[in-house]
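**Q** Please find one structure pasted underneath; my questions will follow.
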Amino acid sequence: MQVPAYRDSELPKTLIDLYAKAEHPELLRVCVVWQRAPDEALPASVRILPGLELIEVPFEKSRGCNWARHMLQARWRDEPYTLLIDSHHRFAPGGLRSGGVAKPILTCYLPSYEPDREPGGRKKQPYKIYPLGREQGLLTDLTSHPIPFWKRLRAPIEADFASLHMLFAAGTYNREIPFHPAIYFRGDEVVTSLRAYTHGYDMFHPHVIVGWHCYDRKARVPHWNDHEKWYERHWRSLRIIRQMFRGVYSGEFGVGHARSVKDYENRICLDLVEDAKVPGQHAAPKGGTGRKAAVDRRLPVEADLRTGARGVGVRVLVPQHGRESQA
């Protein structure tokens, strides 16, 4: 299991709950890249958890969440399965299992929980991920809505997009799709979805609740709040994403060959790049509180919204919300 954690007070409770809900906690190997301030500590009850490996990094040296994820993937030791999560979760009892297709990924935006109201504030519906918005013509933002009639379902549903706060796959995923450490934040889930699909993976959303995610940032410090020139990483990241979306970024971080970029665009009924919509580069915003805080919440972004069947939709201007505020 891989957990990137940046100055998050929910990390201890997340780890304790993870081990408490696992069917076989003695079989877990959990690696955490703990990007911490000097005054932040973990209690002894967490440090003694079996199979827990802590990689401690001074927060000033952190380069972002995908840099941390790349570091975690390098620690993979040929385990048969990999679960990627965030450091602010609660878990449902039981386990995750894969099957039915050659290369499945089980992934979702988990329903929300509120640390101050635990366990009373937990949402009670599983979600499906949809496209939301763009920056510089690139599809970067996702959102989610409850799965219709989910109580009638008996199996996971097909998914178009991956979530990076809950992704369960074969361990070989770490070798096939290493995270690009220079992808800063915004657009990383669309990049992951594209790369997984073109490497032959099929994505699914669980039809039942497997856990909860905290979308409120009050319990943690966003990376961009500590790093004054975060926007330089952001603009560099967008340049890389544009190349990936065009299928011209080669090497270990590029798209796969099992399917094409066009195949993925046909699946989601959207172009990943809309050059006609590319604006001038925004001035660096100050702060920001949404999940995609790389763009100030006050700035409108173009959004592609679909209704009903694939391909039916309208284009509107909406306020920037991002994936942390979907619930």
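We label chains A, B, ... in the order they appear in the structure tokens, count residues from 1 in each chain, and number ligands from 1 in the order shown.
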Pick out the residues sitting within 12 Å of A:Leu52, and hand them over as a PyMOL selection string; count only C-alpha atoms, and ignore anything fewer than 2 positions along from it in its own chain.
**A** chain A and resi 1-3+12+15-16+18-19+25-34+45-50+54-55
**Q** Please identify all polymer residues within 10 Å of stretch 257-263 of chain A, counting only C-alpha atoms, omitting same-chain residues fewer than 6 positions from it, and present them as a list in words.
**A** Leu194, Arg195, Ala196, Tyr197, Thr198, His199, Gly200, Tyr201, Met244, Phe245, Arg246, Gly247, Cys269, Leu270, Asp271 and Leu272 of chain A
**Q** Take the residues from that selection and write them out as a short mmCIF file (atom, residue, chain, number, x, y, z; two decimals), in the first residue's frame, keeping C-alpha atoms.
**A**
data_model
loop_
_atom_site.label_atom_id
_atom_site.label_comp_id
_atom_site.auth_asym_id
_atom_site.auth_seq_id
_atom_site.Cartn_x
_atom_site.Cartn_y
_atom_site.Cartn_z
CA LEU A 194 -5.11 7.93 -20.18
CA ARG A 195 -1.89 6.07 -19.47
CA ALA A 196 -3.71 3.18 -17.78
CA TYR A 197 -6.18 2.83 -20.64
CA THR A 198 -3.49 2.92 -23.34
CA HIS A 199 -1.51 0.29 -21.41
CA GLY A 200 -4.49 -2.05 -21.64
CA TYR A 201 -6.05 -1.53 -18.20
CA MET A 244 1.10 13.29 -23.14
CA PHE A 245 -2.40 14.13 -24.36
CA ARG A 246 -1.04 14.44 -27.88
CA GLY A 247 0.66 11.06 -27.57
CA CYS A 269 -16.42 11.37 -25.96
CA LEU A 270 -14.12 14.33 -25.40
CA ASP A 271 -10.92 15.73 -26.85
CA LEU A 272 -8.16 15.83 -24.28
#
**Q** Determine the nearest neighbour of A:Pro148 from the options A:Val273, A:Ala44, A:Cys65, A:Val208, counting only C-alpha atoms.
**A**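 Ranking A:Val273, A:Ala44, A:Cys65, A:Val208 by distance to A:Pro148, first place goes to A:Val208.
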**Q** Counting only C-alpha atoms, which of A:Ile157, A:Leu164, A:Val191, A:Ile183 gets nearest to A:Phe204?
**A**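 Comparing A:Ile157, A:Leu164, A:Val191, A:Ile183 against A:Phe204, the winner is A:Ile157.
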**Q** Write down as number ranges by chain the residues belonging to stretch 67-303 of chain A that are assigned helix (DSSP H, G or I) by DSSP computed on the backbone.
**A** A: 67-73, 115-117, 150-152, 173-176, 188-198, 217-219, 223-226, 230-245, 261-268, 275-277
**Q** The selected residues should be written to file as a JSON list (two decimals), in the first residue's frame (atoms: C-alpha atoms).
**A**
[["chain", "number", "residue", "atom", "x", "y", "z"],
["A", 67, "TRP", "CA", 6.97, 13.11, -6.76],
["A", 68, "ALA", "CA", 6.06, 11.30, -3.53],
["A", 69, "ARG", "CA", 4.03, 8.66, -5.42],
["A", 70, "HIS", "CA", 6.99, 8.02, -7.72],
["A", 71, "MET", "CA", 9.17, 7.49, -4.66],
["A", 72, "LEU", "CA", 6.64, 5.03, -3.24],
["A", 73, "GLN", "CA", 6.47, 3.01, -6.44],
["A", 115, "PRO", "CA", -13.18, 14.54, 11.02],
["A", 116, "ASP", "CA", -15.05, 16.74, 13.49],
["A", 117, "ARG", "CA", -18.26, 14.70, 13.13],
["A", 150, "TRP", "CA", -26.39, 1.53, -6.88],
["A", 151, "LYS", "CA", -28.25, -0.62, -4.36],
["A", 152, "ARG", "CA", -29.48, -2.80, -7.22],
["A", 173, "TYR", "CA", 1.09, -1.45, -12.31],
["A", 174, "ASN", "CA", 4.08, 0.10, -10.53],
["A", 175, "ARG", "CA", 6.42, -1.07, -13.25],
["A", 176, "GLU", "CA", 4.14, -0.33, -16.21],
["A", 188, "ASP", "CA", -2.74, 14.12, -12.81],
["A", 189, "GLU", "CA", -5.83, 11.92, -12.61],
["A", 190, "VAL", "CA", -6.68, 12.42, -16.28],
["A", 191, "VAL", "CA", -3.05, 11.62, -17.15],
["A", 192, "THR", "CA", -3.25, 8.45, -15.05],
["A", 193, "SER", "CA", -6.54, 7.45, -16.70],
["A", 194, "LEU", "CA", -5.11, 7.93, -20.18],
["A", 195, "ARG", "CA", -1.89, 6.07, -19.47],
["A", 196, "ALA", "CA", -3.71, 3.18, -17.78],
["A", 197, "TYR", "CA", -6.18, 2.83, -20.64],
["A", 198, "THR", "CA", -3.49, 2.92, -23.34],
["A", 217, "ARG", "CA", -8.40, 20.71, 3.98],
["A", 218, "LYS", "CA", -8.72, 22.09, 7.51],
["A", 219, "ALA", "CA", -6.79, 19.12, 8.90],
["A", 223, "HIS", "CA", 1.72, 21.83, -0.66],
["A", 224, "TRP", "CA", 1.26, 25.13, -2.50],
["A", 225, "ASN", "CA", 0.72, 26.99, 0.77],
["A", 226, "ASP", "CA", 4.29, 26.18, 1.82],
["A", 230, "TRP", "CA", 4.66, 26.22, -6.76],
["A", 231, "TYR", "CA", 3.17, 27.74, -9.91],
["A", 232, "GLU", "CA", 6.46, 27.21, -11.77],
["A", 233, "ARG", "CA", 6.04, 23.48, -11.19],
["A", 234, "HIS", "CA", 2.41, 23.82, -12.28],
["A", 235, "TRP", "CA", 3.18, 25.47, -15.64],
["A", 236, "ARG", "CA", 5.96, 22.95, -16.33],
["A", 237, "SER", "CA", 3.52, 20.18, -15.49],
["A", 238, "LEU", "CA", 0.92, 21.49, -17.95],
["A", 239, "ARG", "CA", 3.50, 21.50, -20.74],
["A", 240, "ILE", "CA", 4.25, 17.83, -20.07],
["A", 241, "ILE", "CA", 0.55, 16.96, -19.88],
["A", 242, "ARG", "CA", -0.07, 18.60, -23.26],
["A", 243, "GLN", "CA", 2.59, 16.36, -24.83],
["A", 244, "MET", "CA", 1.10, 13.29, -23.14],
["A", 245, "PHE", "CA", -2.40, 14.13, -24.36],
["A", 261, "VAL", "CA", -4.96, 8.27, -27.34],
["A", 262, "LYS", "CA", -7.76, 8.54, -29.89],
["A", 263, "ASP", "CA", -9.26, 5.31, -28.52],
["A", 264, "TYR", "CA", -9.41, 6.91, -25.09],
["A", 265, "GLU", "CA", -10.90, 10.13, -26.43],
["A", 266, "ASN", "CA", -13.55, 8.10, -28.23],
["A", 267, "ARG", "CA", -14.34, 6.31, -24.99],
["A", 268, "ILE", "CA", -14.85, 9.50, -22.97],
["A", 275, "ASP", "CA", -6.32, 24.24, -28.83],
["A", 276, "ALA", "CA", -8.96, 26.79, -29.73],
["A", 277, "LYS", "CA", -9.64, 27.22, -26.04]]
**Q** Identify which of the residues A:Arg77, A:His207, A:Pro119, A:Asp202 lies closest to A:Pro156, counting only C-alpha atoms when measuring atom-to-atom distances.
**A** A:His207
**Q** Where does DSSP see strand (DSSP E or B) in stretch 25-251 of chain A, if you list the residues as a compact mmCIF listing (two decimals) with N, CA and C atoms, in the first residue's frame?
**A**
# COMPACT_ATOMS: atom_id res chain seq x y z
N VAL A 30 2.75 -1.38 4.27
CA VAL A 30 2.27 -0.03 4.02
C VAL A 30 3.45 0.93 4.02
N CYS A 31 3.67 1.60 2.88
CA CYS A 31 4.75 2.58 2.78
C CYS A 31 4.16 3.98 2.75
N VAL A 32 4.72 4.85 3.58
CA VAL A 32 4.24 6.23 3.68
C VAL A 32 5.40 7.18 3.44
N VAL A 33 5.23 8.08 2.46
CA VAL A 33 6.17 9.20 2.33
C VAL A 33 5.59 10.33 3.16
N TRP A 34 6.17 10.50 4.34
CA TRP A 34 5.66 11.45 5.33
C TRP A 34 6.44 12.75 5.22
N GLN A 35 5.84 13.73 4.56
CA GLN A 35 6.45 15.03 4.36
C GLN A 35 5.98 15.93 5.51
N ARG A 36 6.87 16.16 6.45
CA ARG A 36 6.46 16.69 7.74
C ARG A 36 7.25 17.93 8.15
N LEU A 52 4.60 -1.42 8.63
CA LEU A 52 4.58 0.00 8.29
C LEU A 52 5.99 0.51 8.05
N GLU A 53 6.20 1.17 6.92
CA GLU A 53 7.50 1.75 6.56
C GLU A 53 7.31 3.25 6.35
N LEU A 54 8.02 4.03 7.11
CA LEU A 54 7.93 5.49 7.02
C LEU A 54 9.16 6.06 6.33
N ILE A 55 8.94 6.84 5.30
CA ILE A 55 10.00 7.58 4.62
C ILE A 55 9.79 9.05 5.00
N GLU A 56 10.59 9.54 5.91
CA GLU A 56 10.39 10.89 6.44
C GLU A 56 11.17 11.91 5.59
N VAL A 57 10.46 12.94 5.16
CA VAL A 57 11.03 13.97 4.30
C VAL A 57 10.68 15.34 4.90
N PRO A 58 11.65 16.21 5.15
CA PRO A 58 11.31 17.58 5.57
C PRO A 58 10.42 18.23 4.51
N TYR A 81 -0.39 -7.19 -5.41
CA TYR A 81 -1.37 -6.11 -5.54
C TYR A 81 -0.82 -4.82 -4.96
N THR A 82 -1.36 -3.72 -5.46
CA THR A 82 -0.99 -2.39 -4.99
C THR A 82 -2.26 -1.59 -4.74
N LEU A 83 -2.32 -0.88 -3.62
CA LEU A 83 -3.41 0.03 -3.33
C LEU A 83 -2.82 1.41 -3.06
N LEU A 84 -3.24 2.39 -3.85
CA LEU A 84 -2.82 3.78 -3.66
C LEU A 84 -3.94 4.52 -2.96
N ILE A 85 -3.61 5.17 -1.85
CA ILE A 85 -4.60 5.96 -1.12
C ILE A 85 -3.97 7.28 -0.68
N HIS A 89 -8.30 9.16 5.24
CA HIS A 89 -9.31 8.16 4.89
C HIS A 89 -9.89 7.51 6.13
N ARG A 90 -11.06 6.92 5.93
CA ARG A 90 -11.61 5.91 6.82
C ARG A 90 -12.02 4.74 5.93
N PHE A 91 -12.09 3.54 6.49
CA PHE A 91 -12.27 2.35 5.68
C PHE A 91 -13.46 1.53 6.13
N PRO A 104 -7.48 -5.29 -14.55
CA PRO A 104 -8.47 -4.39 -13.93
C PRO A 104 -7.84 -3.37 -12.99
N ILE A 105 -8.49 -2.22 -12.89
CA ILE A 105 -8.20 -1.21 -11.88
C ILE A 105 -9.52 -0.88 -11.19
N LEU A 106 -9.54 -0.99 -9.87
CA LEU A 106 -10.70 -0.57 -9.10
C LEU A 106 -10.38 0.78 -8.50
N THR A 107 -11.20 1.78 -8.80
CA THR A 107 -10.85 3.15 -8.44
C THR A 107 -12.12 3.97 -8.26
N SER A 112 -17.49 11.27 1.22
CA SER A 112 -16.74 12.10 2.18
C SER A 112 -17.02 11.72 3.63
N TYR A 127 -19.75 6.72 -5.75
CA TYR A 127 -19.74 7.75 -6.77
C TYR A 127 -19.13 7.27 -8.08
N LYS A 128 -19.57 7.92 -9.16
CA LYS A 128 -18.97 7.73 -10.49
C LYS A 128 -18.29 9.04 -10.88
N ILE A 129 -17.13 8.95 -11.52
CA ILE A 129 -16.33 10.13 -11.88
C ILE A 129 -16.71 10.61 -13.28
N TYR A 130 -16.81 11.93 -13.42
CA TYR A 130 -17.14 12.58 -14.69
C TYR A 130 -16.15 13.71 -14.97
N PRO A 131 -16.03 14.12 -16.24
CA PRO A 131 -15.19 15.28 -16.56
C PRO A 131 -15.84 16.56 -16.09
N LEU A 132 -15.01 17.55 -15.74
CA LEU A 132 -15.54 18.83 -15.24
C LEU A 132 -15.00 20.03 -15.99
N GLY A 133 -13.67 20.21 -16.03
CA GLY A 133 -13.16 21.46 -16.57
C GLY A 133 -11.79 21.35 -17.18
N ARG A 134 -11.36 22.47 -17.77
CA ARG A 134 -10.09 22.54 -18.50
C ARG A 134 -9.25 23.72 -18.03
N GLU A 135 -7.97 23.59 -18.30
CA GLU A 135 -7.05 24.73 -18.18
C GLU A 135 -6.16 24.72 -19.40
N LEU A 138 -6.64 22.01 -21.86
CA LEU A 138 -6.38 20.63 -21.44
C LEU A 138 -7.48 20.17 -20.49
N LEU A 139 -7.97 18.95 -20.69
CA LEU A 139 -8.91 18.37 -19.73
C LEU A 139 -8.14 18.05 -18.46
N THR A 140 -8.44 18.77 -17.39
CA THR A 140 -7.67 18.62 -16.16
C THR A 140 -8.52 18.28 -14.94
N ASP A 141 -9.78 18.67 -14.94
CA ASP A 141 -10.57 18.58 -13.72
C ASP A 141 -11.68 17.55 -13.83
N LEU A 142 -11.88 16.83 -12.74
CA LEU A 142 -12.90 15.80 -12.67
C LEU A 142 -13.82 16.08 -11.49
N THR A 143 -14.99 15.50 -11.53
CA THR A 143 -15.93 15.59 -10.43
C THR A 143 -16.63 14.24 -10.31
N SER A 144 -17.59 14.13 -9.41
CA SER A 144 -18.29 12.85 -9.28
C SER A 144 -19.71 13.08 -8.82
N HIS A 145 -20.56 12.10 -9.11
CA HIS A 145 -21.96 12.10 -8.71
C HIS A 145 -22.33 10.69 -8.27
N PRO A 146 -23.34 10.56 -7.42
CA PRO A 146 -23.74 9.23 -6.97
C PRO A 146 -24.10 8.31 -8.14
N ILE A 157 -18.98 -1.12 -11.72
CA ILE A 157 -19.37 -0.58 -13.01
C ILE A 157 -18.14 -0.08 -13.76
N GLU A 158 -18.23 -0.02 -15.08
CA GLU A 158 -17.12 0.48 -15.88
C GLU A 158 -16.88 1.96 -15.57
N MET A 166 -7.82 6.56 -4.45
CA MET A 166 -8.21 5.17 -4.27
C MET A 166 -8.02 4.44 -5.59
N LEU A 167 -6.92 3.73 -5.70
CA LEU A 167 -6.62 3.00 -6.92
C LEU A 167 -6.02 1.65 -6.53
N PHE A 168 -6.71 0.58 -6.89
CA PHE A 168 -6.32 -0.78 -6.56
C PHE A 168 -6.03 -1.52 -7.85
N ALA A 169 -4.83 -2.10 -7.97
CA ALA A 169 -4.43 -2.75 -9.21
C ALA A 169 -3.41 -3.84 -8.90
N ALA A 170 -3.07 -4.60 -9.93
CA ALA A 170 -1.99 -5.57 -9.80
C ALA A 170 -0.69 -4.84 -9.48
N ASP A 202 -8.41 -1.82 -17.75
CA ASP A 202 -9.82 -1.46 -17.74
C ASP A 202 -10.17 -0.98 -16.34
N MET A 203 -10.80 0.19 -16.25
CA MET A 203 -11.10 0.81 -14.97
C MET A 203 -12.54 0.54 -14.55
N PHE A 204 -12.73 0.36 -13.25
CA PHE A 204 -14.05 0.10 -12.69
C PHE A 204 -14.23 0.91 -11.41
N HIS A 205 -15.49 1.29 -11.15
CA HIS A 205 -15.85 1.90 -9.88
C HIS A 205 -16.55 0.86 -9.01
N GLY A 211 -14.89 2.85 1.56
CA GLY A 211 -14.19 3.75 2.47
C GLY A 211 -14.70 5.17 2.30
N TRP A 212 -14.04 6.09 2.99
CA TRP A 212 -14.41 7.50 2.96
C TRP A 212 -13.15 8.35 2.84
N HIS A 213 -13.31 9.54 2.28
CA HIS A 213 -12.20 10.45 2.04
C HIS A 213 -12.55 11.83 2.59
N ARG A 220 -5.14 19.63 7.19
CA ARG A 220 -3.83 19.48 6.54
C ARG A 220 -3.42 20.78 5.86
**Q** Do you have the atom CA of A:Pro126-atom CA of A:His24 distance handy?
**A**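 Atom CA of A:His24 lies at a distance of 24.4 Å from atom CA of A:Pro126.
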**Q** With only C-alpha atoms as the counted atoms, please give the residues lying no more than 8 Å from A:Ile209, apart from itself and same-chain residues fewer than 4 positions off, as a list in words.
**A**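 Those residues are Ala92, Leu110, Pro111, Lys124, Gln125 and Pro126 of chain A.
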